[in-house]
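Participant: So here's upload.pdb (PDB, C-alpha atoms and all ligand atoms).
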```
ATOM      1  CA  MET A   1       5.284  45.591  35.259
ATOM      2  CA  ASP A   2       5.233  42.724  32.741
ATOM      3  CA  GLN A   3       2.626  43.139  30.042
ATOM      4  CA  GLN A   4       1.733  41.673  26.693
ATOM      5  CA  THR A   5       0.768  43.570  23.588
ATOM      6  CA  LEU A   6      -0.488  42.690  20.124
ATOM      7  CA  VAL A   7       1.549  43.861  17.143
ATOM      8  CA  LEU A   8       0.333  43.570  13.565
ATOM      9  CA  ILE A   9       2.559  44.213  10.587
ATOM     10  CA  LYS A  10      -0.131  45.501   8.254
ATOM     11  CA  PRO A  11      -0.411  44.599   4.533
ATOM     12  CA  ASP A  12       1.485  47.732   3.407
ATOM     13  CA  GLY A  13       4.389  46.728   5.637
ATOM     14  CA  LEU A  14       4.485  43.252   4.108
ATOM     15  CA  LYS A  15       4.127  44.582   0.548
ATOM     16  CA  LYS A  16       7.039  46.958   1.136
ATOM     17  CA  SER A  17       9.179  44.129   2.611
ATOM     18  CA  LEU A  18       9.466  45.928   5.927
ATOM     19  CA  THR A  19       9.115  42.831   8.131
ATOM     20  CA  GLY A  20      12.823  42.548   8.944
ATOM     21  CA  ASN A  21      13.074  46.238   9.515
ATOM     22  CA  VAL A  22      10.108  46.364  11.869
ATOM     23  CA  LEU A  23      11.276  43.322  13.851
ATOM     24  CA  THR A  24      14.753  44.832  14.187
ATOM     25  CA  ARG A  25      13.315  48.110  15.443
ATOM     26  CA  LEU A  26      11.117  46.269  17.934
ATOM     27  CA  SER A  27      14.071  44.193  19.153
ATOM     28  CA  GLU A  28      15.501  47.432  20.597
ATOM     29  CA  THR A  29      12.888  47.042  23.322
ATOM     30  CA  LYS A  30      14.422  43.729  24.531
ATOM     31  CA  LEU A  31      10.875  42.412  24.788
ATOM     32  CA  GLU A  32      10.213  38.758  24.076
ATOM     33  CA  ILE A  33       8.094  37.478  21.174
ATOM     34  CA  ILE A  34       5.743  34.871  22.665
ATOM     35  CA  GLY A  35       3.473  34.354  19.653
ATOM     36  CA  ALA A  36       3.718  34.851  15.883
ATOM     37  CA  ARG A  37       1.576  33.917  12.912
ATOM     38  CA  MET A  38       0.815  34.933   9.343
ATOM     39  CA  VAL A  39      -2.881  35.651   8.934
ATOM     40  CA  ARG A  40      -5.257  35.914   5.980
ATOM     41  CA  VAL A  41      -7.633  38.488   7.464
ATOM     42  CA  THR A  42     -11.349  37.856   6.992
ATOM     43  CA  ARG A  43     -13.876  40.677   7.010
ATOM     44  CA  GLU A  44     -15.229  39.289  10.266
ATOM     45  CA  LEU A  45     -11.820  39.480  11.955
ATOM     46  CA  ALA A  46     -11.122  42.943  10.524
ATOM     47  CA  GLU A  47     -14.460  44.346  11.689
ATOM     48  CA  GLU A  48     -14.101  42.823  15.133
ATOM     49  CA  HIS A  49     -10.552  44.132  15.528
ATOM     50  CA  TYR A  50     -11.562  47.678  14.607
ATOM     51  CA  LYS A  51     -15.108  47.573  16.038
ATOM     52  CA  GLU A  52     -14.556  50.706  18.137
ATOM     53  CA  LEU A  53     -14.081  52.667  14.909
ATOM     54  CA  LYS A  54     -17.176  51.405  13.104
ATOM     55  CA  ASP A  55     -18.862  54.827  13.044
ATOM     56  CA  LYS A  56     -15.839  56.606  11.548
ATOM     57  CA  PRO A  57     -16.066  57.775   7.922
ATOM     58  CA  PHE A  58     -12.887  55.870   7.041
ATOM     59  CA  PHE A  59     -14.090  52.540   8.534
ATOM     60  CA  GLU A  60     -14.847  50.732   5.248
ATOM     61  CA  GLU A  61     -11.527  51.813   3.714
ATOM     62  CA  LEU A  62      -9.747  50.752   6.909
ATOM     63  CA  ILE A  63     -11.344  47.299   6.727
ATOM     64  CA  LYS A  64     -10.278  46.900   3.096
ATOM     65  CA  TYR A  65      -6.777  48.077   3.985
ATOM     66  CA  ILE A  66      -6.303  45.601   6.852
ATOM     67  CA  MET A  67      -7.772  42.786   4.725
ATOM     68  CA  GLY A  68      -5.060  43.512   2.153
ATOM     69  CA  GLU A  69      -7.261  44.709  -0.702
ATOM     70  CA  TYR A  70      -4.660  47.319  -1.626
ATOM     71  CA  HIS A  71      -1.465  45.400  -0.919
ATOM     72  CA  LYS A  72      -0.930  41.751  -0.021
ATOM     73  CA  LYS A  73      -3.661  39.668   1.548
ATOM     74  CA  LYS A  74      -1.740  38.952   4.694
ATOM     75  CA  VAL A  75      -0.863  40.351   8.080
ATOM     76  CA  MET A  76       1.842  39.228  10.487
ATOM     77  CA  ALA A  77       0.511  39.018  14.029
ATOM     78  CA  LEU A  78       2.881  38.972  17.002
ATOM     79  CA  VAL A  79       2.586  39.040  20.760
ATOM     80  CA  TYR A  80       5.365  40.897  22.565
ATOM     81  CA  TRP A  81       5.845  40.368  26.277
ATOM     82  CA  GLY A  82       7.903  42.034  28.974
ATOM     83  CA  ASP A  83       8.297  45.082  31.180
ATOM     84  CA  ASN A  84       6.083  47.976  30.089
ATOM     85  CA  ALA A  85       5.556  46.318  26.715
ATOM     86  CA  ILE A  86       2.582  48.425  25.611
ATOM     87  CA  ASP A  87       4.259  51.827  25.879
ATOM     88  CA  LYS A  88       7.634  50.603  24.659
ATOM     89  CA  VAL A  89       6.127  49.254  21.447
ATOM     90  CA  ARG A  90       3.819  52.259  20.876
ATOM     91  CA  GLU A  91       6.817  54.574  21.270
ATOM     92  CA  ILE A  92       8.741  52.855  18.468
ATOM     93  CA  CYS A  93       5.611  52.771  16.276
ATOM     94  CA  GLY A  94       4.995  56.517  16.514
ATOM     95  CA  THR A  95       1.662  58.325  16.520
ATOM     96  CA  THR A  96      -1.310  57.239  14.404
ATOM     97  CA  ASN A  97      -0.979  59.902  11.701
ATOM     98  CA  PRO A  98       2.224  59.067   9.800
ATOM     99  CA  GLU A  99       2.738  62.694   8.805
ATOM    100  CA  GLU A 100       2.748  63.759  12.422
ATOM    101  CA  ALA A 101       4.760  60.789  13.671
ATOM    102  CA  ASP A 102       8.396  61.278  14.643
ATOM    103  CA  SER A 103      10.459  60.629  11.519
ATOM    104  CA  VAL A 104      12.581  58.025  13.301
ATOM    105  CA  SER A 105       9.481  56.046  14.354
ATOM    106  CA  ILE A 106       8.214  53.178  12.176
ATOM    107  CA  ARG A 107       5.088  55.056  11.140
ATOM    108  CA  GLY A 108       6.986  58.311  10.591
ATOM    109  CA  ALA A 109       9.577  56.597   8.431
ATOM    110  CA  TYR A 110       7.384  54.283   6.358
ATOM    111  CA  GLY A 111       3.737  55.364   6.651
ATOM    112  CA  ARG A 112       1.673  57.405   4.216
ATOM    113  CA  ILE A 113      -1.818  58.849   3.864
ATOM    114  CA  THR A 114      -3.787  57.597   0.879
ATOM    115  CA  THR A 115      -5.833  59.821  -1.416
ATOM    116  CA  ALA A 116      -8.910  58.217   0.226
ATOM    117  CA  GLY A 117      -7.621  59.560   3.554
ATOM    118  CA  VAL A 118      -6.613  56.304   5.240
ATOM    119  CA  TYR A 119      -3.434  56.257   7.263
ATOM    120  CA  GLU A 120      -1.383  53.380   5.879
ATOM    121  CA  ASN A 121       0.893  53.285   8.873
ATOM    122  CA  VAL A 122       2.567  49.860   8.557
ATOM    123  CA  ILE A 123       2.017  48.639  12.091
ATOM    124  CA  HIS A 124      -0.655  48.166  14.735
ATOM    125  CA  ALA A 125       0.120  48.015  18.446
ATOM    126  CA  SER A 126      -2.339  47.681  21.327
ATOM    127  CA  ALA A 127      -3.050  50.954  23.127
ATOM    128  CA  ASN A 128      -3.682  49.683  26.669
ATOM    129  CA  ASP A 129      -4.078  46.538  28.787
ATOM    130  CA  SER A 130      -7.735  45.922  28.020
ATOM    131  CA  ASP A 131      -7.265  46.441  24.267
ATOM    132  CA  ALA A 132      -4.258  44.098  24.406
ATOM    133  CA  GLU A 133      -6.294  41.367  26.090
ATOM    134  CA  ARG A 134      -9.216  41.701  23.691
ATOM    135  CA  GLU A 135      -6.947  41.820  20.636
ATOM    136  CA  ILE A 136      -4.609  38.967  21.631
ATOM    137  CA  LYS A 137      -7.614  36.726  22.344
ATOM    138  CA  LEU A 138      -9.022  37.647  18.941
ATOM    139  CA  TRP A 139      -5.871  36.871  16.929
ATOM    140  CA  PHE A 140      -4.432  33.939  18.903
ATOM    141  CA  THR A 141      -5.576  30.757  20.584
ATOM    142  CA  PRO A 142      -3.897  29.852  23.895
ATOM    143  CA  GLU A 143      -1.948  27.089  22.126
ATOM    144  CA  GLU A 144      -0.325  29.579  19.772
ATOM    145  CA  ILE A 145       1.290  31.476  22.624
ATOM    146  CA  ILE A 146       4.396  30.190  24.402
ATOM    147  CA  PHE A 147       2.879  30.414  27.881
ATOM    148  CA  ASP A 148      -0.494  31.203  29.434
ATOM    149  CA  ILE A 149      -0.822  34.958  29.737
ATOM    150  CA  TYR A 150      -4.544  34.768  30.494
ATOM    151  CA  PRO A 151      -6.495  32.007  32.249
ATOM    152  CA  THR A 152      -7.437  29.084  29.996
ATOM    153  CA  LYS A 153      -9.782  26.117  30.224
ATOM    154  CA  GLU A 154     -10.001  22.762  28.494
ATOM    155  CA  GLU A 155     -12.778  22.067  26.030
ATOM    156  CA  GLU A 156     -13.745  18.852  24.300
ATOM    157  CA  LYS A 157     -13.134  19.256  20.551
ATOM    158  CA  CYS A 158     -15.066  17.185  17.999
ATOM    159  CA  ALA A 159     -15.057  19.538  15.000
ATOM    160  CA  VAL A 160     -13.667  18.537  11.593
ATOM    161  CA  ARG A 161     -10.240  20.031  11.041
ATOM    162  CA  ARG A 162      -7.819  20.289   8.135
ATOM    163  CA  VAL A 163      -4.664  18.209   8.432
ATOM    164  CA  TRP A 164      -1.752  17.602   6.022
ATOM    165  CA  ALA A 165      -2.809  15.103   3.326
TER     166      ALA A 165
HETATM  167  N1  LIG B   1      -6.959  55.573  10.946
HETATM  168  C1  LIG B   1      -7.139  56.349   9.809
HETATM  169  N2  LIG B   1      -7.539  57.644   9.954
HETATM  170  C2  LIG B   1      -7.756  58.212  11.172
HETATM  171  C3  LIG B   1      -7.566  57.427  12.318
HETATM  172  C4  LIG B   1      -7.172  56.107  12.167
HETATM  173  O1  LIG B   1      -6.942  55.871   8.695
HETATM  174  O2  LIG B   1      -8.098  59.417  11.239
HETATM  175  C5  LIG B   1      -6.543  54.165  10.790
HETATM  176  C6  LIG B   1      -5.039  53.976  10.986
HETATM  177  O3  LIG B   1      -4.581  52.944  10.108
HETATM  178  C7  LIG B   1      -4.976  53.547  12.437
HETATM  179  C8  LIG B   1      -6.233  52.694  12.575
HETATM  180  O4  LIG B   1      -7.197  53.370  11.777
HETATM  181  O5  LIG B   1      -3.771  52.851  12.742
HETATM  182  C9  LIG B   1      -6.746  52.541  13.997
HETATM  183  O6  LIG B   1      -6.980  53.806  14.550
HETATM  184  P1  LIG B   1      -6.608  54.154  16.052
HETATM  185  O7  LIG B   1      -7.226  55.480  16.369
HETATM  186  O8  LIG B   1      -6.943  52.988  16.937
HETATM  187  O9  LIG B   1      -5.012  54.375  15.989
HETATM  188  P2  LIG B   1      -3.798  53.457  16.454
HETATM  189  O10 LIG B   1      -4.188  52.818  17.775
HETATM  190  O11 LIG B   1      -3.554  52.442  15.366
HETATM  191  O12 LIG B   1      -2.634  54.402  16.595
HETATM  192 MG    MG B   2      -5.945  51.813  18.379
END
```
Re-express the file's structure as structure tokens.
Facilitator:
Amino acid sequence: MDQQTLVLIKPDGLKKSLTGNVLTRLSETKLEIIGARMVRVTRELAEEHYKELKDKPFFEELIKYIMGEYHKKKVMALVYWGDNAIDKVREICGTTNPEEADSVSIRGAYGRITTAGVYENVIHASANDSDAEREIKLWFTPEEIIFDIYPTKEEEKCAVRRVWA
């Protein structure tokens, strides 16, 4: 079954110049990239993305981590699409805890646990269909994705926007 999934190369991955590596590993899946952008993560976006974890003791550290406070202030967001995309990508990522992750997985190979106890595990990947939908809609507008994966509607836009000077 064709699915879409959100992938984030987290700030530690960018700081360690792992982008090429991660994309090469993910290309083993033969999935298609249908959206990609570099993002400066605001606190609002970070807290919304991880809202299900807001009661966890590591939440504040996690928010700082994904905002790039400890590495580079950027994240690469991608949408992968194709057959069984969610499981295929999660498999290559490895489990959440980098010390328990298979050593050939991305997290097993490149992740670490900080002294504050946060898993700096290089990559995020959606866990299921409903997470994927919520997350993709949070990180991308319909226009930033190659084709419509979810229903869209037209809206009159009259806001001020930044253009090239
Ligand atoms: N995380 C952590 N400690 C934990 C659990 C999670 O630092 O005990 C961080 C880790 O960076 C993880 C993110 O919080 O990737 C989101 O957690 P989740 O349980 O959703 O794991 P994931 O879906 O990323 O495997
Ligand atoms: Mg998760």
Participant: Give me the residues within 6 Å of region 2-19 of chain A as a PyMOL selection string, counting only C-alpha atoms and dropping any in the same chain fewer than 5 places off.
Facilitator: chain A and resi 68+71-72+74-86+122-126+132+136
Participant: Name the residues, using the chain letters and numbers of the file, that sit within 12 Å of (-10.4, 47.6, 24.4) when counting only C-alpha atoms, and give them as a list of chain:residue names.
Facilitator: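 Output: A:Thr5, A:Leu6, A:Glu48, A:His49, A:Tyr50, A:Lys51, A:Glu52, A:Leu53, A:Ser126, A:Ala127, A:Asn128, A:Asp129, A:Ser130, A:Asp131, A:Ala132, A:Glu133, A:Arg134, A:Glu135, A:Ile136, A:Lys137, A:Leu138.
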Participant: Kindly indicate which residue among A:Leu26, A:Ala36, A:Ile145, A:Val104 lies nearest to Lys88 (chain A), using all atoms listed in the file for the distances.
Facilitator: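 Once distances to Lys88 (chain A) are computed over all atoms listed in the file, the minimum belongs to A:Leu26.
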Participant: Please, what distance in Å, to one decimal, runs between atom N2 of ligand LIG 1 (chain B) and CA of Tyr119 (chain A)?
Facilitator: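 Computed distance, atom N2 of ligand LIG 1 (chain B) to CA of Tyr119 (chain A), equals 5.1 Å.
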Participant: Let me make sure I understand: among A:Met38, A:Asp55, A:Glu100, A:Tyr70, which one has the smallest atom-to-atom distance to Phe140 (chain A) if we use all atoms listed in the file?
Facilitator: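 The answer is A:Met38, which sits nearest to Phe140 (chain A).
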Participant: With only C-alpha atoms and all ligand atoms as the atoms that count, which of A:Arg40, A:Arg161, A:Arg90, A:Arg112 lies nearest to ligand MG 2 (chain B)?
Facilitator: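 Once distances to ligand MG 2 (chain B) are computed over only C-alpha atoms and all ligand atoms, the minimum belongs to A:Arg90.
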Participant: Between A:Lys73, A:Thr115, A:Gly35, A:Glu120, single out the one closest to Pro98 (chain A), counting all atoms listed in the file.
Facilitator: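 Closest to Pro98 (chain A) of all the choices is A:Glu120.
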Participant: For atom C1 of ligand LIG 1 (chain B) and CA of Glu144 (chain A), determine how far apart the two atoms are, in Å to one decimal place.
Facilitator: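 Spanning atom C1 of ligand LIG 1 (chain B) to CA of Glu144 (chain A) is a straight-line distance of 29.4 Å.
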Participant: Padding 5 Å on every side, please: axis-aligned box over the listed atoms of ligand LIG 1 (chain B), centre and edge lengths to one decimal in Å, as lines of an AutoDock Vina configuration file.
Facilitator:
```
center_x = -5.4
center_y = 55.9
center_z = 13.2
size_x = 15.5
size_y = 17.0
size_z = 19.1
```
Participant: Just the number, please: distance in Å from CA of Pro151 (chain A) to atom O10 of ligand LIG 1 (chain B), one decimal.
Facilitator: 25.5 Å
Participant: So which one's closest to Arg25 (chain A), A:Met1, A:Lys64, A:Val89, A:Thr95? Using all atoms listed in the file, please.
Facilitator: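 Using all atoms listed in the file, the shortest distance to Arg25 (chain A) belongs to A:Val89.
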Participant: Which is closest to ligand MG 2 (chain B) among A:Thr96, A:Thr29, A:Ser105, A:Thr114, if we use only C-alpha atoms and all ligand atoms?
Facilitator: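 Closest to ligand MG 2 (chain B), using only C-alpha atoms and all ligand atoms: A:Thr96.
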Participant: Around (5.2, 52.2, 14.5) in the file's frame, which residues reach within 6 Å when counting only C-alpha atoms? Return as a list in words?
Facilitator: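 Final list of nearby residues, as requested, is Ile92, Cys93, Gly94, Ser105, Ile106, Arg107 and Ile123 of chain A.
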